[in-house]
>>> print(open('model.cif').read())   # mmCIF, C-alpha atoms and all ligand atoms
data_input
loop_
_atom_site.label_atom_id
_atom_site.label_comp_id
_atom_site.auth_asym_id
_atom_site.auth_seq_id
_atom_site.Cartn_x
_atom_site.Cartn_y
_atom_site.Cartn_z
CA MET W 29 -55.53 -44.79 94.01
CA ASP W 30 -52.28 -45.19 92.11
CA GLU W 31 -49.14 -45.23 94.17
CA THR W 32 -46.50 -42.62 93.38
CA TYR W 33 -42.85 -42.38 94.37
CA THR W 34 -39.82 -40.28 93.47
CA THR W 35 -36.27 -41.22 92.58
CA LYS W 36 -33.17 -39.86 90.91
CA ALA W 37 -32.35 -41.73 87.73
CA ILE W 38 -30.25 -41.71 84.57
CA VAL W 39 -31.95 -42.50 81.27
CA LEU W 40 -30.46 -45.55 79.56
CA ASN W 41 -32.61 -45.51 76.49
CA ARG W 42 -35.85 -44.31 75.01
CA GLN W 43 -37.98 -45.89 72.32
CA PRO W 44 -41.30 -44.93 70.70
CA TYR W 45 -44.20 -46.76 72.30
CA ARG W 46 -47.78 -46.89 71.03
CA GLU W 47 -48.79 -43.85 69.00
CA ASN W 48 -47.68 -40.93 71.13
CA ASP W 49 -45.75 -42.40 74.04
CA SER W 50 -42.20 -43.43 74.86
CA ARG W 51 -40.80 -46.46 76.62
CA VAL W 52 -37.96 -45.22 78.79
CA THR W 53 -35.39 -47.43 80.52
CA VAL W 54 -33.64 -45.76 83.46
CA CYS W 55 -31.01 -46.61 86.03
CA SER W 56 -32.44 -45.31 89.30
CA LEU W 57 -30.72 -44.61 92.58
CA GLU W 58 -33.14 -46.48 94.84
CA TYR W 59 -34.82 -49.10 92.64
CA GLY W 60 -32.25 -50.25 90.07
CA LYS W 61 -33.12 -50.51 86.41
CA LEU W 62 -36.72 -49.57 85.62
CA VAL W 63 -38.81 -49.51 82.47
CA LEU W 64 -41.26 -46.62 82.45
CA ILE W 65 -43.88 -45.27 80.07
CA ALA W 66 -43.86 -41.55 79.29
CA ARG W 67 -47.20 -40.41 77.89
CA GLY W 68 -47.63 -37.96 75.03
CA THR W 69 -43.93 -37.47 74.33
CA ALA W 70 -44.40 -37.62 70.56
CA THR W 71 -46.62 -34.53 70.59
CA THR W 72 -45.04 -31.12 70.09
CA LYS W 73 -46.54 -29.85 73.36
CA SER W 74 -44.74 -32.44 75.49
CA LYS W 75 -42.79 -30.81 78.29
CA MET W 76 -41.35 -34.15 79.28
CA ALA W 77 -39.52 -35.05 76.06
CA GLY W 78 -36.39 -32.96 76.71
CA HIS W 79 -35.85 -34.48 80.17
CA ILE W 80 -35.89 -38.10 79.06
CA GLU W 81 -33.16 -38.06 76.44
CA PRO W 82 -30.54 -40.83 76.76
CA PHE W 83 -28.11 -40.40 79.70
CA CYS W 84 -29.94 -37.37 81.10
CA PHE W 85 -29.80 -37.37 84.91
CA SER W 86 -33.20 -36.32 86.29
CA ASP W 87 -35.53 -36.37 89.27
CA PHE W 88 -38.49 -38.60 88.42
CA MET W 89 -41.95 -38.84 89.89
CA ILE W 90 -43.26 -42.29 89.04
CA VAL W 91 -46.83 -43.57 89.09
CA ARG W 92 -47.18 -47.30 89.59
CA GLY W 93 -49.99 -48.60 87.37
CA LYS W 94 -51.46 -52.09 86.94
CA CYS W 95 -49.32 -53.16 83.99
CA HIS W 96 -46.74 -50.42 83.70
CA SER W 97 -45.17 -47.68 85.72
CA TYR W 98 -45.61 -44.21 84.26
CA ILE W 99 -43.53 -41.05 84.48
CA GLY W 100 -45.75 -38.56 86.31
CA GLY W 101 -43.21 -35.75 86.26
CA VAL W 102 -39.53 -35.22 85.56
CA ALA W 103 -37.00 -32.44 86.10
CA SER W 104 -33.51 -32.76 84.67
CA GLN W 105 -30.49 -32.20 86.88
CA ASN W 106 -27.72 -32.62 84.35
CA CYS W 107 -27.93 -33.57 80.69
CA PHE W 108 -24.13 -33.73 80.28
CA SER W 109 -23.98 -31.35 77.34
CA ALA W 110 -20.22 -31.74 76.82
CA ILE W 111 -20.76 -35.45 76.12
CA LYS W 112 -23.58 -34.72 73.68
CA SER W 113 -21.36 -32.51 71.54
CA ASP W 114 -18.41 -34.94 71.36
CA LEU W 115 -18.63 -37.97 69.07
CA SER W 116 -15.90 -39.93 70.88
CA LYS W 117 -17.61 -39.48 74.24
CA LEU W 118 -20.96 -40.44 72.70
CA ARG W 119 -19.37 -43.63 71.42
CA ILE W 120 -18.04 -44.45 74.91
CA VAL W 121 -21.41 -43.81 76.57
CA GLY W 122 -23.25 -45.78 73.87
CA GLN W 123 -21.03 -48.80 74.50
CA VAL W 124 -21.28 -48.77 78.29
CA ILE W 125 -25.06 -48.29 78.22
CA ALA W 126 -25.36 -51.26 75.84
CA VAL W 127 -23.38 -53.37 78.33
CA ILE W 128 -25.53 -52.19 81.27
CA ASN W 129 -28.66 -53.11 79.31
CA LYS W 130 -27.26 -56.58 78.72
CA LEU W 131 -25.96 -57.33 82.21
CA VAL W 132 -28.32 -55.56 84.60
CA LYS W 133 -31.77 -57.00 85.25
CA GLU W 134 -34.85 -54.92 85.93
CA ASN W 135 -36.00 -54.05 89.46
CA GLU W 136 -32.86 -55.17 91.27
CA ALA W 137 -32.08 -52.28 93.59
CA ASP W 138 -28.38 -51.45 93.65
CA SER W 139 -27.28 -47.88 94.24
CA ARG W 140 -23.65 -48.74 93.30
CA LEU W 141 -24.62 -49.08 89.65
CA PHE W 142 -26.24 -45.65 89.72
CA PHE W 143 -23.16 -44.05 91.29
CA LEU W 144 -20.78 -45.86 88.92
CA LEU W 145 -22.67 -44.57 85.88
CA HIS W 146 -23.15 -41.11 87.35
CA ASP W 147 -19.45 -40.77 88.24
CA PHE W 148 -18.47 -41.93 84.77
CA LEU W 149 -20.77 -39.45 83.03
CA GLU W 150 -19.47 -36.60 85.20
CA PHE W 151 -15.89 -37.64 84.47
CA LEU W 152 -16.52 -37.72 80.70
CA ASP W 153 -18.43 -34.44 80.81
CA ASN W 154 -15.66 -32.59 82.64
CA ASN W 155 -12.50 -34.05 81.10
CA ASP W 156 -10.86 -34.36 77.72
CA ILE W 157 -10.45 -37.98 76.68
CA LYS W 158 -7.57 -38.79 74.38
CA GLU W 159 -8.57 -40.88 71.38
CA GLU W 160 -6.07 -43.61 72.31
CA THR W 161 -7.59 -44.05 75.79
CA ILE W 162 -11.22 -44.52 74.67
CA ASP W 163 -11.02 -48.33 74.74
CA PHE W 164 -9.22 -48.26 78.06
CA PHE W 165 -12.04 -46.30 79.72
CA ILE W 166 -14.82 -48.39 78.16
CA HIS W 167 -13.17 -51.53 79.53
CA ALA W 168 -12.39 -49.98 82.91
CA PHE W 169 -16.11 -49.22 83.21
CA VAL W 170 -17.08 -52.76 82.20
CA LEU W 171 -14.63 -54.24 84.72
CA LYS W 172 -16.03 -52.02 87.49
CA LEU W 173 -19.58 -52.91 86.45
CA MET W 174 -18.82 -56.64 86.49
CA SER W 175 -17.11 -56.27 89.89
CA GLY W 176 -20.20 -54.51 91.26
CA LEU W 177 -22.42 -57.30 89.92
CA GLY W 178 -20.46 -59.98 91.79
CA TYR W 179 -17.81 -60.83 89.19
CA GLU W 180 -14.83 -59.02 90.67
CA PRO W 181 -11.76 -60.98 89.53
CA GLU W 182 -9.38 -62.15 92.26
CA LEU W 183 -6.13 -60.35 91.47
CA ARG W 184 -4.16 -60.60 94.73
CA VAL W 185 -4.07 -64.23 95.81
CA CYS W 186 -3.94 -67.44 93.78
CA VAL W 187 -7.49 -68.77 93.33
CA ALA W 188 -6.17 -72.35 93.58
CA CYS W 189 -3.81 -72.36 96.60
CA GLY W 190 -4.86 -69.08 98.27
CA LYS W 191 -1.29 -67.81 98.57
CA GLU W 192 -0.39 -64.23 97.83
CA LEU W 193 0.76 -63.89 94.23
CA LYS W 194 4.40 -63.29 93.48
CA PRO W 195 5.08 -60.80 90.71
CA GLU W 196 5.90 -63.45 88.11
CA ASN W 197 4.46 -66.43 86.19
CA ASN W 198 0.81 -65.78 86.96
CA SER W 199 -2.05 -66.46 84.56
CA PHE W 200 -5.76 -65.69 84.44
CA ASP W 201 -8.07 -68.67 84.95
CA PHE W 202 -11.48 -67.41 83.83
CA SER W 203 -13.31 -70.50 85.06
CA ARG W 204 -12.03 -69.87 88.61
CA GLY W 205 -12.60 -66.13 88.45
CA GLY W 206 -9.05 -64.89 88.99
CA LEU W 207 -5.32 -65.35 88.83
CA VAL W 208 -3.43 -68.57 89.48
CA CYS W 209 0.21 -68.73 90.51
CA GLY W 210 2.97 -70.43 88.53
CA LEU W 211 2.82 -73.56 90.72
CA CYS W 212 -0.94 -74.12 90.37
CA GLN W 213 -1.64 -73.27 86.76
CA ALA W 214 -2.36 -75.73 83.98
CA GLN W 215 0.22 -76.38 81.30
CA ASN W 216 0.28 -73.95 78.39
CA SER W 217 -1.43 -71.20 80.41
CA THR W 218 -0.80 -67.74 79.04
CA ILE W 219 1.38 -65.82 81.48
CA ILE W 220 0.06 -62.36 82.22
CA LYS W 221 2.59 -59.56 82.75
CA ASN W 222 2.89 -58.20 86.27
CA ASP W 223 2.38 -54.61 85.06
CA THR W 224 -0.89 -55.75 83.46
CA ILE W 225 -2.01 -57.25 86.78
CA LYS W 226 -1.22 -53.95 88.51
CA LEU W 227 -3.17 -52.04 85.88
CA LEU W 228 -6.17 -54.38 86.24
CA ARG W 229 -6.13 -53.84 90.03
CA CYS W 230 -6.21 -50.08 89.44
CA MET W 231 -9.06 -50.42 86.92
CA VAL W 232 -11.15 -52.19 89.57
CA LYS W 233 -10.34 -49.86 92.48
CA GLU W 234 -9.35 -46.39 91.29
CA LYS W 235 -11.68 -43.57 90.37
CA PHE W 236 -11.88 -42.64 86.68
CA ILE W 237 -10.16 -39.32 87.33
CA ASP W 238 -7.22 -41.15 88.93
CA LEU W 239 -7.09 -43.71 86.12
CA GLN W 240 -6.58 -40.83 83.73
CA LYS W 241 -3.37 -39.87 85.55
CA LEU W 242 -1.85 -43.35 85.25
CA LYS W 243 1.11 -43.88 82.96
CA TYR W 244 1.22 -47.25 81.23
CA ASP W 245 2.55 -48.82 78.08
CA LYS W 246 0.06 -49.51 75.27
CA LYS W 247 1.08 -53.19 75.30
CA ILE W 248 0.06 -53.35 78.95
CA SER W 249 -3.34 -51.72 78.45
CA ASP W 250 -3.95 -53.93 75.38
CA GLU W 251 -3.26 -57.04 77.46
CA ALA W 252 -5.55 -55.77 80.24
CA ILE W 253 -8.34 -55.05 77.75
CA LYS W 254 -7.93 -58.47 76.12
CA ASN W 255 -8.29 -60.20 79.50
CA ILE W 256 -11.35 -58.13 80.43
CA ILE W 257 -13.03 -59.12 77.13
CA LEU W 258 -12.20 -62.81 77.66
CA PHE W 259 -13.44 -62.69 81.25
CA TYR W 260 -16.65 -60.91 80.20
CA ASN W 261 -17.34 -63.42 77.44
CA TYR W 262 -16.63 -66.31 79.82
CA THR W 263 -18.89 -65.02 82.62
CA HIS W 264 -21.70 -63.83 80.34
CA PRO W 265 -21.84 -66.35 77.48
CA GLY W 266 -25.37 -65.39 76.46
CA ALA W 267 -24.73 -61.66 76.39
CA GLY W 268 -23.13 -61.64 72.96
CA ASP W 269 -19.63 -60.61 72.13
CA PHE W 270 -18.21 -57.55 73.71
CA LYS W 271 -15.30 -55.93 71.91
ZN ZN L 301 -1.33 -71.21 93.63
#
>>> encode(input="model.cif", output="structure tokens", more="lines below")
Ligand SMILES: [Zn+2]
Amino acid sequence: MDETYTTKAIVLNRQPYRENDSRVTVCSLEYGKLVLIARGTATTKSKMAGHIEPFCFSDFMIVRGKCHSYIGGVASQNCFSAIKSDLSKLRIVGQVIAVINKLVKENEADSRLFFLLHDFLEFLDNNDIKEETIDFFIHAFVLKLMSGLGYEPELRVCVACGKELKPENNSFDFSRGGLVCGLCQAQNSTIIKNDTIKLLRCMVKEKFIDLQKLKYDKKISDEAIKNIILFYNYTHPGAGDFK
């Protein structure tokens, strides 16, 4: 007999599979990223199709088969309709899902990823996002995701000497995974502004709703974003550029 189990999960993407089926990638609460087959979704009678749209949050009943796992039943909890009707929010979600698909491997259980994505979708669904903060939130998500996957940058003590950083002359050493103080850094290192360091710390630790309340200069958020991109590209060289 086939084994069945249930889990809450968020759909990451859905592609046509064979003649009438779909191949659905989800981020589940208990089992991490899963690839599932949904049968008969291309037929007009399919009750399942509406519950497996991208970034829908649903309860899944999954049947473990020999080669694939199949969706036995699904009931949506929240399809985040305010995101679906807003092109800017769709662009944000599209970008973060692409990064999740690149960085997260299948079948590695990690409930933090589920909660990070769920919190982010709820935040986007319930709040207005100013056009000029779109990039900031995409990169805050990526920094939180990387931190959850074991790449949290060290932003409080020097990664070379271990001393607490003073608020001046620090630079980011991507190969060592964090900041180095003025005494330890190599010549010609690019000094990172102290306000940028503070903003990066907030991006790692604070909830999205609290990040929205922060006041910062555009130069500061641009420098933070630039460092996140460089760190991402350094730690994930095969993942392709992330802009
Ligand atoms: Zn040092």
>>> closest_residue(input="model.cif", among="W:Cys186, W:Leu131, W:Cys209, W:Gly68", to="Leu173 of chain W", atoms="only C-alpha atoms")
W:Leu131
>>> residues_near_ligand(input="model.cif", ligand="ligand ZN 301 (chain L)", cutoff="12 Å", atoms="all atoms listed in the file", output="list in words")
Arg184, Val185, Cys186, Val187, Ala188, Cys189, Gly190, Lys191, Glu192, Leu193, Lys194, Glu196, Asn197, Asn198, Ser199, Phe200, Asp201, Arg204, Gly206, Leu207, Val208, Cys209, Gly210, Leu211, Cys212, Gln213 and Ala214 of chain W
>>> atom_distance(input="model.cif", atom1="atom CA of Phe165 of chain W", atom2="atom CA of Arg51 of chain W")
28.9 Å
>>> closest_residue(input="model.cif", among="W:Phe169, W:Phe259, W:Tyr244, W:Phe142", to="Pro181 of chain W", atoms="all atoms listed in the file")
W:Phe259
>>> residues_around(input="model.cif", residues="Leu115 of chain W", least_positions_apart="5", cutoff="12 Å", atoms="only C-alpha atoms", output="VMD selection string")
chain W and resid 109 to 110 120 to 122 152 157 159 162
>>> write_last_selection(input="model.cif", atoms="C-alpha atoms", output="PDB file, keeping the file's coordinate frame")
ATOM      1  CA  SER W 109     -23.980 -31.350  77.340  1.00  0.00           C
ATOM      2  CA  ALA W 110     -20.220 -31.740  76.820  1.00  0.00           C
ATOM      3  CA  ILE W 120     -18.040 -44.450  74.910  1.00  0.00           C
ATOM      4  CA  VAL W 121     -21.410 -43.810  76.570  1.00  0.00           C
ATOM      5  CA  GLY W 122     -23.250 -45.780  73.870  1.00  0.00           C
ATOM      6  CA  LEU W 152     -16.520 -37.720  80.700  1.00  0.00           C
ATOM      7  CA  ILE W 157     -10.450 -37.980  76.680  1.00  0.00           C
ATOM      8  CA  GLU W 159      -8.570 -40.880  71.380  1.00  0.00           C
ATOM      9  CA  ILE W 162     -11.220 -44.520  74.670  1.00  0.00           C
TER      10      ILE W 162
END
>>> atom_distance(input="model.cif", atom1="atom CA of Ile38 of chain W", atom2="atom CA of Gly100 of chain W")
15.9 Å
>>> atom_distance(input="model.cif", atom1="atom CA of Ile253 of chain W", atom2="atom CA of Asn216 of chain W")
20.8 Å
>>> closest_residue(input="model.cif", among="W:Leu57, W:Ile220, W:Leu227, W:Ile125", to="Val170 of chain W", atoms="only C-alpha atoms")
W:Ile125
>>> residues_around(input="model.cif", residues="Tyr179 of chain W", least_positions_apart="2", cutoff="10 Å", atoms="only C-alpha atoms", output="number ranges by chain")
W: 171-177, 181-182, 205-206, 259-260, 263
>>> residues_around(input="model.cif", residues="Lys247 of chain W", least_positions_apart="4", cutoff="9 Å", atoms="only C-alpha atoms", output="PyMOL selection string")
chain W and resi 224+251-252
>>> residues_near_point(input="model.cif", point="(-31.6, -56.0, 76.7)", cutoff="12 Å", atoms="all atoms listed in the file", output="list in words")
Leu40, Asn41, Thr53, Lys61, Val63, Ile125, Ala126, Val127, Ile128, Asn129, Lys130, Leu131, Val132, Lys133, Glu134, Gly266, Ala267 and Gly268 of chain W
>>> write_last_selection(input="model.cif", atoms="C-alpha atoms", output="mmCIF file, in the frame of the given file")
data_model
loop_
_atom_site.group_PDB
_atom_site.id
_atom_site.type_symbol
_atom_site.label_atom_id
_atom_site.label_comp_id
_atom_site.auth_asym_id
_atom_site.auth_seq_id
_atom_site.Cartn_x
_atom_site.Cartn_y
_atom_site.Cartn_z
ATOM 1 C CA LEU W 40 -30.460 -45.550 79.560
ATOM 2 C CA ASN W 41 -32.610 -45.510 76.490
ATOM 3 C CA THR W 53 -35.390 -47.430 80.520
ATOM 4 C CA LYS W 61 -33.120 -50.510 86.410
ATOM 5 C CA VAL W 63 -38.810 -49.510 82.470
ATOM 6 C CA ILE W 125 -25.060 -48.290 78.220
ATOM 7 C CA ALA W 126 -25.360 -51.260 75.840
ATOM 8 C CA VAL W 127 -23.380 -53.370 78.330
ATOM 9 C CA ILE W 128 -25.530 -52.190 81.270
ATOM 10 C CA ASN W 129 -28.660 -53.110 79.310
ATOM 11 C CA LYS W 130 -27.260 -56.580 78.720
ATOM 12 C CA LEU W 131 -25.960 -57.330 82.210
ATOM 13 C CA VAL W 132 -28.320 -55.560 84.600
ATOM 14 C CA LYS W 133 -31.770 -57.000 85.250
ATOM 15 C CA GLU W 134 -34.850 -54.920 85.930
ATOM 16 C CA GLY W 266 -25.370 -65.390 76.460
ATOM 17 C CA ALA W 267 -24.730 -61.660 76.390
ATOM 18 C CA GLY W 268 -23.130 -61.640 72.960
#
>>> closest_residue(input="model.cif", among="W:Met89, W:Ala77, W:Ile166, W:Leu183", to="Ile257 of chain W", atoms="all atoms listed in the file")
W:Ile166
>>> residues_around(input="model.cif", residues="Leu141 of chain W", least_positions_apart="3", cutoff="8 Å", atoms="only C-alpha atoms", output="ChimeraX atom specification")
/W:55,60,138,144-145,173,176
>>> closest_residue(input="model.cif", among="W:Ala137, W:Ile90, W:Ile256, W:Val39", to="Ser104 of chain W", atoms="only C-alpha atoms")
W:Val39
>>> decode(input="model.cif", residues="segment 229-241 of chain W", atoms="all heavy atoms", output="PDB file, in the first residue's frame")
ATOM      1  N   ARG W 229      22.691  44.552   9.732  1.00  0.00           N
ATOM      2  CA  ARG W 229      22.328  43.808  10.956  1.00  0.00           C
ATOM      3  C   ARG W 229      20.808  43.732  11.084  1.00  0.00           C
ATOM      4  O   ARG W 229      20.255  42.687  11.417  1.00  0.00           O
ATOM      5  CB  ARG W 229      22.909  44.499  12.187  1.00  0.00           C
ATOM      6  CG  ARG W 229      24.409  44.330  12.329  1.00  0.00           C
ATOM      7  CD  ARG W 229      24.921  45.161  13.506  1.00  0.00           C
ATOM      8  NE  ARG W 229      26.368  45.158  13.576  1.00  0.00           N
ATOM      9  CZ  ARG W 229      27.091  46.135  14.125  1.00  0.00           C
ATOM     10  NH1 ARG W 229      26.498  47.197  14.679  1.00  0.00           N
ATOM     11  NH2 ARG W 229      28.406  46.048  14.148  1.00  0.00           N
ATOM     12  N   CYS W 230      20.143  44.865  10.831  1.00  0.00           N
ATOM     13  CA  CYS W 230      18.669  44.876  10.905  1.00  0.00           C
ATOM     14  C   CYS W 230      18.068  43.938   9.863  1.00  0.00           C
ATOM     15  O   CYS W 230      17.110  43.216  10.139  1.00  0.00           O
ATOM     16  CB  CYS W 230      18.116  46.281  10.664  1.00  0.00           C
ATOM     17  SG  CYS W 230      18.468  47.426  11.983  1.00  0.00           S
ATOM     18  N   MET W 231      18.631  43.937   8.655  1.00  0.00           N
ATOM     19  CA  MET W 231      18.076  43.097   7.582  1.00  0.00           C
ATOM     20  C   MET W 231      18.161  41.617   7.944  1.00  0.00           C
ATOM     21  O   MET W 231      17.319  40.825   7.550  1.00  0.00           O
ATOM     22  CB  MET W 231      18.812  43.371   6.258  1.00  0.00           C
ATOM     23  CG  MET W 231      18.488  44.738   5.667  1.00  0.00           C
ATOM     24  SD  MET W 231      19.638  45.239   4.352  1.00  0.00           S
ATOM     25  CE  MET W 231      18.757  44.733   2.873  1.00  0.00           C
ATOM     26  N   VAL W 232      19.198  41.239   8.703  1.00  0.00           N
ATOM     27  CA  VAL W 232      19.314  39.843   9.139  1.00  0.00           C
ATOM     28  C   VAL W 232      18.296  39.542  10.240  1.00  0.00           C
ATOM     29  O   VAL W 232      17.616  38.516  10.209  1.00  0.00           O
ATOM     30  CB  VAL W 232      20.738  39.524   9.660  1.00  0.00           C
ATOM     31  CG1 VAL W 232      20.789  38.120  10.268  1.00  0.00           C
ATOM     32  CG2 VAL W 232      21.765  39.642   8.540  1.00  0.00           C
ATOM     33  N   LYS W 233      18.167  40.458  11.206  1.00  0.00           N
ATOM     34  CA  LYS W 233      17.446  40.129  12.446  1.00  0.00           C
ATOM     35  C   LYS W 233      15.977  40.560  12.493  1.00  0.00           C
ATOM     36  O   LYS W 233      15.151  39.902  13.116  1.00  0.00           O
ATOM     37  CB  LYS W 233      18.152  40.782  13.649  1.00  0.00           C
ATOM     38  CG  LYS W 233      19.564  40.278  13.897  1.00  0.00           C
ATOM     39  CD  LYS W 233      19.570  38.876  14.454  1.00  0.00           C
ATOM     40  CE  LYS W 233      20.992  38.367  14.622  1.00  0.00           C
ATOM     41  NZ  LYS W 233      21.125  36.927  14.427  1.00  0.00           N
ATOM     42  N   GLU W 234      15.671  41.716  11.916  1.00  0.00           N
ATOM     43  CA  GLU W 234      14.338  42.300  12.149  1.00  0.00           C
ATOM     44  C   GLU W 234      13.285  41.659  11.245  1.00  0.00           C
ATOM     45  O   GLU W 234      13.570  41.214  10.149  1.00  0.00           O
ATOM     46  CB  GLU W 234      14.362  43.808  11.880  1.00  0.00           C
ATOM     47  CG  GLU W 234      15.383  44.589  12.679  1.00  0.00           C
ATOM     48  CD  GLU W 234      15.002  44.748  14.137  1.00  0.00           C
ATOM     49  OE1 GLU W 234      13.795  44.723  14.442  1.00  0.00           O
ATOM     50  OE2 GLU W 234      15.912  44.886  14.966  1.00  0.00           O
ATOM     51  N   LYS W 235      12.056  41.689  11.748  1.00  0.00           N
ATOM     52  CA  LYS W 235      10.937  41.211  10.931  1.00  0.00           C
ATOM     53  C   LYS W 235      10.689  42.187   9.782  1.00  0.00           C
ATOM     54  O   LYS W 235      10.982  43.385   9.895  1.00  0.00           O
ATOM     55  CB  LYS W 235       9.678  41.134  11.787  1.00  0.00           C
ATOM     56  CG  LYS W 235       9.744  40.055  12.828  1.00  0.00           C
ATOM     57  CD  LYS W 235       8.465  40.061  13.639  1.00  0.00           C
ATOM     58  CE  LYS W 235       8.533  38.946  14.663  1.00  0.00           C
ATOM     59  NZ  LYS W 235       7.588  39.143  15.748  1.00  0.00           N
ATOM     60  N   PHE W 236      10.071  41.687   8.720  1.00  0.00           N
ATOM     61  CA  PHE W 236       9.812  42.547   7.546  1.00  0.00           C
ATOM     62  C   PHE W 236       8.981  43.773   7.929  1.00  0.00           C
ATOM     63  O   PHE W 236       9.236  44.877   7.463  1.00  0.00           O
ATOM     64  CB  PHE W 236       9.114  41.748   6.443  1.00  0.00           C
ATOM     65  CG  PHE W 236       9.980  40.672   5.863  1.00  0.00           C
ATOM     66  CD1 PHE W 236       9.727  39.335   6.115  1.00  0.00           C
ATOM     67  CD2 PHE W 236      11.079  41.008   5.085  1.00  0.00           C
ATOM     68  CE1 PHE W 236      10.538  38.344   5.595  1.00  0.00           C
ATOM     69  CE2 PHE W 236      11.897  40.021   4.548  1.00  0.00           C
ATOM     70  CZ  PHE W 236      11.624  38.690   4.808  1.00  0.00           C
ATOM     71  N   ILE W 237       8.018  43.577   8.793  1.00  0.00           N
ATOM     72  CA  ILE W 237       7.146  44.690   9.174  1.00  0.00           C
ATOM     73  C   ILE W 237       7.944  45.773   9.918  1.00  0.00           C
ATOM     74  O   ILE W 237       7.660  46.962   9.783  1.00  0.00           O
ATOM     75  CB  ILE W 237       5.946  44.164  10.027  1.00  0.00           C
ATOM     76  CG1 ILE W 237       4.885  45.243  10.219  1.00  0.00           C
ATOM     77  CG2 ILE W 237       6.365  43.584  11.351  1.00  0.00           C
ATOM     78  CD1 ILE W 237       4.028  45.473   9.007  1.00  0.00           C
ATOM     79  N   ASP W 238       8.959  45.353  10.667  1.00  0.00           N
ATOM     80  CA  ASP W 238       9.800  46.337  11.366  1.00  0.00           C
ATOM     81  C   ASP W 238      10.806  46.985  10.418  1.00  0.00           C
ATOM     82  O   ASP W 238      11.157  48.155  10.584  1.00  0.00           O
ATOM     83  CB  ASP W 238      10.520  45.680  12.549  1.00  0.00           C
ATOM     84  CG  ASP W 238       9.513  45.236  13.606  1.00  0.00           C
ATOM     85  OD1 ASP W 238       8.539  45.970  13.826  1.00  0.00           O
ATOM     86  OD2 ASP W 238       9.690  44.145  14.182  1.00  0.00           O
ATOM     87  N   LEU W 239      11.252  46.222   9.422  1.00  0.00           N
ATOM     88  CA  LEU W 239      12.158  46.803   8.416  1.00  0.00           C
ATOM     89  C   LEU W 239      11.454  47.931   7.658  1.00  0.00           C
ATOM     90  O   LEU W 239      12.071  48.909   7.253  1.00  0.00           O
ATOM     91  CB  LEU W 239      12.611  45.736   7.413  1.00  0.00           C
ATOM     92  CG  LEU W 239      13.597  44.686   7.919  1.00  0.00           C
ATOM     93  CD1 LEU W 239      13.898  43.670   6.821  1.00  0.00           C
ATOM     94  CD2 LEU W 239      14.889  45.335   8.401  1.00  0.00           C
ATOM     95  N   GLN W 240      10.158  47.792   7.483  1.00  0.00           N
ATOM     96  CA  GLN W 240       9.425  48.816   6.748  1.00  0.00           C
ATOM     97  C   GLN W 240       9.390  50.153   7.501  1.00  0.00           C
ATOM     98  O   GLN W 240       9.241  51.205   6.901  1.00  0.00           O
ATOM     99  CB  GLN W 240       7.997  48.333   6.469  1.00  0.00           C
ATOM    100  CG  GLN W 240       7.410  49.040   5.274  1.00  0.00           C
ATOM    101  CD  GLN W 240       5.971  48.693   5.031  1.00  0.00           C
ATOM    102  OE1 GLN W 240       5.242  48.325   5.938  1.00  0.00           O
ATOM    103  NE2 GLN W 240       5.542  48.820   3.796  1.00  0.00           N
ATOM    104  N   LYS W 241       9.542  50.090   8.824  1.00  0.00           N
ATOM    105  CA  LYS W 241       9.493  51.319   9.626  1.00  0.00           C
ATOM    106  C   LYS W 241      10.838  52.036   9.686  1.00  0.00           C
ATOM    107  O   LYS W 241      10.930  53.156  10.169  1.00  0.00           O
ATOM    108  CB  LYS W 241       9.044  50.982  11.052  1.00  0.00           C
ATOM    109  CG  LYS W 241       7.625  50.446  11.118  1.00  0.00           C
ATOM    110  CD  LYS W 241       7.323  49.976  12.543  1.00  0.00           C
ATOM    111  CE  LYS W 241       6.088  49.092  12.548  1.00  0.00           C
ATOM    112  NZ  LYS W 241       6.114  48.112  13.635  1.00  0.00           N
TER     113      LYS W 241
END
